[in-house]
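S.K.: run19.txt (compact mmCIF, C-alpha atoms) pasted underneath:
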# COMPACT_ATOMS: atom_id res chain seq x y z
CA MET A 1 0.00 0.00 0.00
CA GLY A 2 2.85 2.35 0.85
CA PHE A 3 4.47 1.78 -2.55
CA VAL A 4 1.21 2.75 -4.29
CA VAL A 5 0.98 6.03 -2.36
CA ILE A 6 4.66 6.85 -2.95
CA GLY A 7 4.32 5.91 -6.63
CA ALA A 8 1.23 8.10 -7.06
CA GLY A 9 2.96 11.00 -5.28
CA LEU A 10 6.04 10.61 -7.47
CA LEU A 11 3.88 10.53 -10.59
CA VAL A 12 2.12 13.77 -9.56
CA CYS A 13 5.50 15.45 -8.89
CA VAL A 14 6.89 14.42 -12.29
CA PHE A 15 3.71 15.63 -14.03
CA ALA A 16 3.86 18.99 -12.21
CA MET A 17 7.54 19.42 -13.12
CA VAL A 18 6.82 18.73 -16.79
CA LEU A 19 4.05 21.36 -16.80
CA VAL A 20 6.34 23.95 -15.18
CA ILE A 21 9.09 23.29 -17.74
CA ILE A 22 6.66 23.51 -20.67
CA ARG A 23 5.16 26.76 -19.35
CA LYS A 24 8.63 28.27 -18.76
CA HIS A 25 9.79 27.48 -22.30
CA SER A 26 6.60 28.76 -23.92
CA LYS A 27 6.67 32.18 -22.22
CA GLY A 28 7.55 35.00 -24.62
CA ASP A 29 7.02 32.84 -27.71
CA VAL A 30 4.29 35.09 -29.05
CA MET A 31 4.96 38.84 -29.09
CA LEU A 32 4.78 42.07 -31.13
CA ALA A 33 6.92 45.19 -30.62
CA VAL A 34 6.38 48.49 -32.45
CA THR A 35 8.75 51.49 -32.65
CA SER A 36 8.80 54.68 -34.70
CA THR A 37 11.67 56.55 -36.37
CA TYR A 38 11.65 60.02 -37.91
CA GLU A 39 13.12 59.72 -41.43
CA GLY A 40 13.28 63.43 -42.35
CA LYS A 41 11.28 65.13 -45.07
CA ASN A 42 10.30 63.87 -48.51
CA GLU A 43 10.41 65.79 -51.82
CA LEU A 44 7.04 67.41 -50.96
CA ASN A 45 8.49 68.68 -47.65
CA GLN A 46 6.29 66.29 -45.66
CA ALA A 47 7.58 64.70 -42.48
CA VAL A 48 8.19 60.95 -42.91
CA MET A 49 7.86 58.40 -40.09
CA LYS A 50 8.73 54.71 -40.33
CA ILE A 51 6.75 52.48 -38.01
CA TYR A 52 8.84 49.34 -37.45
CA PHE A 53 7.31 46.14 -36.11
CA THR A 54 8.96 42.90 -35.03
CA PHE A 55 6.97 39.85 -34.11
CA SER A 56 7.27 36.26 -33.03
CA ILE A 57 4.59 33.60 -33.34
CA GLY A 58 6.61 30.90 -31.61
CA LYS A 59 5.45 27.35 -32.19
CA LEU A 60 2.68 28.53 -34.52
CA ALA A 61 5.42 28.95 -37.16
CA HIS A 62 5.35 25.21 -37.82
CA ARG A 63 1.60 25.13 -38.51
CA GLN A 64 -0.48 26.13 -41.50
CA LYS A 65 -1.06 29.86 -40.94
CA GLU A 66 -2.26 33.16 -42.37
CA ILE A 67 -1.24 36.61 -41.14
CA ILE A 68 -3.09 39.87 -41.75
CA GLY A 69 -1.64 43.14 -40.49
CA SER A 70 -3.33 46.44 -39.86
CA ILE A 71 -2.14 49.86 -38.82
CA ASP A 72 -3.98 52.79 -37.34
CA TRP A 73 -2.50 56.28 -37.02
CA SER A 74 -3.20 59.76 -35.73
CA GLU A 75 -5.14 62.34 -37.69
CA GLY A 76 -3.06 64.23 -40.26
CA TRP A 77 -0.81 61.30 -41.14
CA MET A 78 -1.23 59.13 -44.25
CA PRO A 79 0.26 55.70 -45.01
CA VAL A 80 2.31 55.43 -48.17
CA CYS A 81 3.76 51.92 -48.29
CA TYR A 82 4.86 48.94 -46.25
CA ASN A 83 7.60 46.35 -46.45
CA VAL A 84 8.05 42.99 -44.76
CA LYS A 85 11.31 41.11 -44.52
CA GLU A 86 10.95 37.91 -46.57
CA ASN A 87 13.53 35.13 -46.72
CA GLY A 88 15.85 37.22 -44.55
CA ALA A 89 15.83 40.46 -46.60
CA TYR A 90 13.50 43.34 -47.31
CA GLN A 91 11.88 42.98 -50.71
CA GLU A 92 10.22 45.67 -52.80
CA LYS A 93 7.99 48.17 -51.03
CA ARG A 94 4.27 47.62 -51.45
CA LEU A 95 1.84 50.49 -51.73
CA LEU A 96 -0.94 50.59 -49.20
CA ARG A 97 -4.38 50.66 -50.73
CA ALA A 98 -6.39 53.82 -50.29
CA THR A 99 -9.60 53.27 -48.39
CA ASN A 100 -12.39 55.46 -47.13
CA GLU A 101 -10.90 55.14 -43.66
CA LYS A 102 -8.76 58.11 -42.65
CA THR A 103 -6.91 56.44 -39.78
CA TYR A 104 -6.85 52.68 -40.46
CA THR A 105 -5.79 50.22 -43.19
CA THR A 106 -4.82 46.56 -43.55
CA PHE A 107 -1.97 44.81 -45.35
CA GLU A 108 -1.01 41.25 -46.18
CA ILE A 109 1.95 39.31 -44.85
CA ASN A 110 3.17 36.23 -46.73
CA ALA A 111 3.32 33.87 -43.76
CA THR A 112 5.46 31.32 -45.62
CA ASN A 113 8.29 33.72 -46.56
CA ALA A 114 8.05 36.35 -43.82
CA ILE A 115 8.73 34.09 -40.83
CA ASP A 116 12.10 32.50 -40.06
CA HIS A 117 12.52 28.99 -38.62
CA LEU A 118 12.14 30.39 -35.07
CA GLY A 119 8.79 32.03 -35.89
CA ARG A 120 10.11 35.61 -36.04
CA GLY A 121 9.50 38.33 -38.59
CA GLU A 122 9.75 42.08 -39.08
CA GLY A 123 8.61 44.91 -41.28
CA TYR A 124 7.70 48.58 -41.41
CA VAL A 125 5.01 50.99 -42.59
CA VAL A 126 5.85 54.47 -43.92
CA LEU A 127 3.61 57.37 -42.86
CA VAL A 128 3.82 60.95 -44.17
CA LEU A 129 2.39 64.05 -42.55
CA GLU A 130 -0.17 65.03 -45.16
CA ASP A 131 -2.14 67.57 -43.13
CA PRO A 132 -0.02 69.24 -40.42
CA ILE A 133 -1.81 69.34 -37.13
CA PHE A 134 -0.69 71.24 -34.11
CA THR A 135 -0.81 68.64 -31.38
CA ASP A 136 2.04 67.61 -29.15
CA LYS A 137 1.93 63.88 -29.90
CA SER A 138 0.98 61.42 -32.60
CA ARG A 139 0.64 57.66 -32.42
CA ALA A 140 0.49 54.57 -34.57
CA GLY A 141 -0.60 51.07 -33.65
CA VAL A 142 -0.02 47.75 -35.39
CA ILE A 143 -2.25 44.71 -35.06
CA LEU A 144 -1.34 41.29 -36.44
CA VAL A 145 -4.00 38.61 -36.69
CA VAL A 146 -2.54 35.11 -36.95
CA THR A 147 -4.84 32.24 -37.91
CA ALA A 148 -3.36 28.79 -37.35
CA ASN A 149 -5.13 25.43 -37.10
CA MET A 150 -8.58 26.94 -36.66
CA GLY A 151 -7.37 29.23 -33.85
CA THR A 152 -7.00 32.99 -34.18
CA TYR A 153 -4.46 35.01 -32.22
CA GLN A 154 -4.32 38.81 -32.15
CA LEU A 155 -1.11 40.67 -31.33
CA SER A 156 -1.08 44.43 -30.86
CA ASP A 157 1.31 47.18 -29.85
CA SER A 158 1.61 50.90 -30.45
CA THR A 159 4.12 53.72 -30.43
CA SER A 160 3.90 57.49 -30.06
CA TRP A 161 6.16 60.41 -30.83
CA ASN A 162 6.43 64.13 -30.22
CA ASN A 163 5.36 66.18 -33.21
CA ASP A 164 7.69 69.13 -32.66
CA PHE A 165 10.37 67.86 -35.05
CA ALA A 166 7.86 66.62 -37.61
CA VAL A 167 5.63 69.68 -37.85
CA TYR A 168 7.77 72.71 -37.15
CA HIS A 169 11.06 71.91 -38.92
Let me see the file written as structure tokens.
M.R.:
Amino acid sequence: MGFVVIGAGLLVCVFAMVLVIIRKHSKGDVMLAVTSTYEGKNELNQAVMKIYFTFSIGKLAHRQKEIIGSIDWSEGWMPVCYNVKENGAYQEKRLLRATNEKTYTTFEINATNAIDHLGRGEGYVVLVLEDPIFTDKSRAGVILVVTANMGTYQLSDSTSWNNDFAVYH
């Protein structure tokens, strides 16, 4: 009887340890980080911001998947193009489609080519200041929707910047 109790207790301990190890290794697998960089002025004297995003989908990288990205931005800014690193290098820039929305648009990410073997990827969206506004801050947010094996995961992050350099210089 004692061996049965000790055996059952040992089995529970081993099972608990396996769960702790699995949880520890899976933390941080799925993430999205967004930053912004002022790129100067374009030929039309409009301020240009690049919104960089890096993401990781962890173990979902090895499953059949689709990824749709979207960006929203502050009033006065307009998206021009986006680019996603594919097969380890940035490819040609893709124009963002004009929509009736003034502060939101979506873009496609080729899930097969845009994700490395560890499930990581990166890209950027270019915004220009089309209609100067006199506010202290602007912001942009990126949302990635990953669909894998009939499950949908949404990652989101945002960035903000002071407008003093973009508007007044």
S.K.: May I ask which of the residues A:Asp116, A:Glu43, A:Asp72, A:Glu92 is the closest one to Val142 in chain A, counting all atoms listed in the file?
M.R.: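 Under the stated criterion, the closest residue is A:Asp72.
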S.K.: With only C-alpha atoms as the counted atoms, please give the residues lying no more than 6 Å from Lys85 in chain A, apart from itself and same-chain residues fewer than 2 positions off, as a ChimeraX atom specification.
M.R.: /A:88-90,114,122-123
S.K.: Find the residue from A:Val126, A:Val84, A:Leu155, A:Ile133 that sits nearest to Gly40 in chain A; use all atoms listed in the file when measuring.
M.R.: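 Once distances to Gly40 in chain A are computed over all atoms listed in the file, the minimum belongs to A:Val126.
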S.K.: Find the spatial neighbours of Ile68 in chain A, counting only C-alpha atoms, within a cut-off of 6 Å - ignore same-chain residues fewer than 3 positions away - and output them as a count of residues only.
M.R.: 4
S.K.: Kindly indicate which residue among A:Thr106, A:Gln46, A:Asn149, A:Thr112 lies nearest to Ser70 in chain A, using all atoms listed in the file for the distances.
M.R.: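 Ranking A:Thr106, A:Gln46, A:Asn149, A:Thr112 by distance to Ser70 in chain A, first place goes to A:Thr106.
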S.K.: What would the list of residues within 12 Å of (14.3, 54.4, -31.0) (file frame) look like as a VMD selection string, if all atoms listed in the file are what count?
M.R.: chain A and resid 33 to 39 49 to 53 159 to 161
S.K.: Emit the selected residues as a short mmCIF file (atom, residue, chain, number, x, y, z; two decimals), in the frame of the given file, including C-alpha atoms.
M.R.:
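And here's result-v5.cif as it stands now:
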data_model
loop_
_atom_site.label_atom_id
_atom_site.label_comp_id
_atom_site.auth_asym_id
_atom_site.auth_seq_id
_atom_site.Cartn_x
_atom_site.Cartn_y
_atom_site.Cartn_z
CA ALA A 33 6.92 45.19 -30.62
CA VAL A 34 6.38 48.49 -32.45
CA THR A 35 8.75 51.49 -32.65
CA SER A 36 8.80 54.68 -34.70
CA THR A 37 11.67 56.55 -36.37
CA TYR A 38 11.65 60.02 -37.91
CA GLU A 39 13.12 59.72 -41.43
CA MET A 49 7.86 58.40 -40.09
CA LYS A 50 8.73 54.71 -40.33
CA ILE A 51 6.75 52.48 -38.01
CA TYR A 52 8.84 49.34 -37.45
CA PHE A 53 7.31 46.14 -36.11
CA THR A 159 4.12 53.72 -30.43
CA SER A 160 3.90 57.49 -30.06
CA TRP A 161 6.16 60.41 -30.83
#
S.K.: For Gly69 in chain A, which of A:Thr135, A:Asn45, A:Gln154, A:Ser56 is the closest residue, counting only C-alpha atoms?
M.R.: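 For Gly69 in chain A, the nearest of the given residues is A:Gln154.
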S.K.: For Ser158 in chain A, which residue out of A:His117, A:Arg97, A:Trp73, A:Ala140 is the nearest one, using only C-alpha atoms?
M.R.: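 Selected residue with least distance to Ser158 in chain A: A:Ala140.
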S.K.: Just add N, CA, C and O atoms to range 81-99 of chain A and send it as an mmCIF file, keeping the file's coordinate frame.
M.R.:
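Result file rebuild.cif:
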data_model
loop_
_atom_site.group_PDB
_atom_site.id
_atom_site.type_symbol
_atom_site.label_atom_id
_atom_site.label_comp_id
_atom_site.auth_asym_id
_atom_site.auth_seq_id
_atom_site.Cartn_x
_atom_site.Cartn_y
_atom_site.Cartn_z
ATOM 1 N N CYS A 81 3.385 53.265 -47.879
ATOM 2 C CA CYS A 81 3.760 51.920 -48.290
ATOM 3 C C CYS A 81 4.145 51.102 -47.063
ATOM 4 O O CYS A 81 4.240 51.629 -45.959
ATOM 5 N N TYR A 82 4.367 49.815 -47.303
ATOM 6 C CA TYR A 82 4.860 48.940 -46.250
ATOM 7 C C TYR A 82 5.841 47.953 -46.862
ATOM 8 O O TYR A 82 5.897 47.769 -48.076
ATOM 9 N N ASN A 83 6.625 47.329 -45.999
ATOM 10 C CA ASN A 83 7.600 46.350 -46.450
ATOM 11 C C ASN A 83 7.765 45.318 -45.335
ATOM 12 O O ASN A 83 7.799 45.678 -44.163
ATOM 13 N N VAL A 84 7.849 44.068 -45.714
ATOM 14 C CA VAL A 84 8.050 42.990 -44.760
ATOM 15 C C VAL A 84 9.275 42.201 -45.189
ATOM 16 O O VAL A 84 9.457 41.926 -46.375
ATOM 17 N N LYS A 85 10.126 41.898 -44.226
ATOM 18 C CA LYS A 85 11.310 41.110 -44.520
ATOM 19 C C LYS A 85 10.874 39.695 -44.907
ATOM 20 O O LYS A 85 10.140 39.048 -44.162
ATOM 21 N N GLU A 86 11.289 39.248 -46.108
ATOM 22 C CA GLU A 86 10.950 37.910 -46.570
ATOM 23 C C GLU A 86 12.229 37.169 -46.940
ATOM 24 O O GLU A 86 13.107 37.740 -47.590
ATOM 25 N N ASN A 87 12.326 35.940 -46.497
ATOM 26 C CA ASN A 87 13.530 35.130 -46.720
ATOM 27 C C ASN A 87 14.789 35.846 -46.272
ATOM 28 O O ASN A 87 15.823 35.794 -46.916
ATOM 29 N N GLY A 88 14.691 36.578 -45.163
ATOM 30 C CA GLY A 88 15.850 37.220 -44.550
ATOM 31 C C GLY A 88 16.213 38.587 -45.081
ATOM 32 O O GLY A 88 17.171 39.193 -44.609
ATOM 33 N N ALA A 89 15.492 39.135 -46.055
ATOM 34 C CA ALA A 89 15.830 40.460 -46.600
ATOM 35 C C ALA A 89 14.554 41.208 -46.963
ATOM 36 O O ALA A 89 13.533 40.606 -47.301
ATOM 37 N N TYR A 90 14.638 42.543 -46.885
ATOM 38 C CA TYR A 90 13.500 43.340 -47.310
ATOM 39 C C TYR A 90 13.376 43.249 -48.821
ATOM 40 O O TYR A 90 14.352 43.343 -49.547
ATOM 41 N N GLN A 91 12.159 43.057 -49.279
ATOM 42 C CA GLN A 91 11.880 42.980 -50.710
ATOM 43 C C GLN A 91 11.390 44.351 -51.174
ATOM 44 O O GLN A 91 11.597 45.341 -50.493
ATOM 45 N N GLU A 92 10.716 44.395 -52.297
ATOM 46 C CA GLU A 92 10.220 45.670 -52.800
ATOM 47 C C GLU A 92 9.105 46.204 -51.896
ATOM 48 O O GLU A 92 8.332 45.448 -51.308
ATOM 49 N N LYS A 93 9.041 47.536 -51.811
ATOM 50 C CA LYS A 93 7.990 48.170 -51.030
ATOM 51 C C LYS A 93 6.647 47.953 -51.718
ATOM 52 O O LYS A 93 6.569 47.919 -52.936
ATOM 53 N N ARG A 94 5.619 47.811 -50.920
ATOM 54 C CA ARG A 94 4.270 47.620 -51.450
ATOM 55 C C ARG A 94 3.420 48.819 -51.052
ATOM 56 O O ARG A 94 3.423 49.230 -49.893
ATOM 57 N N LEU A 95 2.707 49.360 -52.019
ATOM 58 C CA LEU A 95 1.840 50.490 -51.730
ATOM 59 C C LEU A 95 0.659 50.038 -50.893
ATOM 60 O O LEU A 95 0.148 48.930 -51.070
ATOM 61 N N LEU A 96 0.254 50.890 -49.983
ATOM 62 C CA LEU A 96 -0.940 50.590 -49.200
ATOM 63 C C LEU A 96 -2.151 51.097 -49.959
ATOM 64 O O LEU A 96 -2.139 52.197 -50.509
ATOM 65 N N ARG A 97 -3.170 50.295 -50.000
ATOM 66 C CA ARG A 97 -4.380 50.660 -50.730
ATOM 67 C C ARG A 97 -5.114 51.790 -50.031
ATOM 68 O O ARG A 97 -5.255 51.796 -48.820
ATOM 69 N N ALA A 98 -5.581 52.727 -50.833
ATOM 70 C CA ALA A 98 -6.390 53.820 -50.290
ATOM 71 C C ALA A 98 -7.772 53.287 -49.954
ATOM 72 O O ALA A 98 -8.359 52.522 -50.702
ATOM 73 N N THR A 99 -8.259 53.665 -48.794
ATOM 74 C CA THR A 99 -9.600 53.270 -48.390
ATOM 75 C C THR A 99 -10.356 54.520 -47.946
ATOM 76 O O THR A 99 -9.788 55.612 -47.897
#
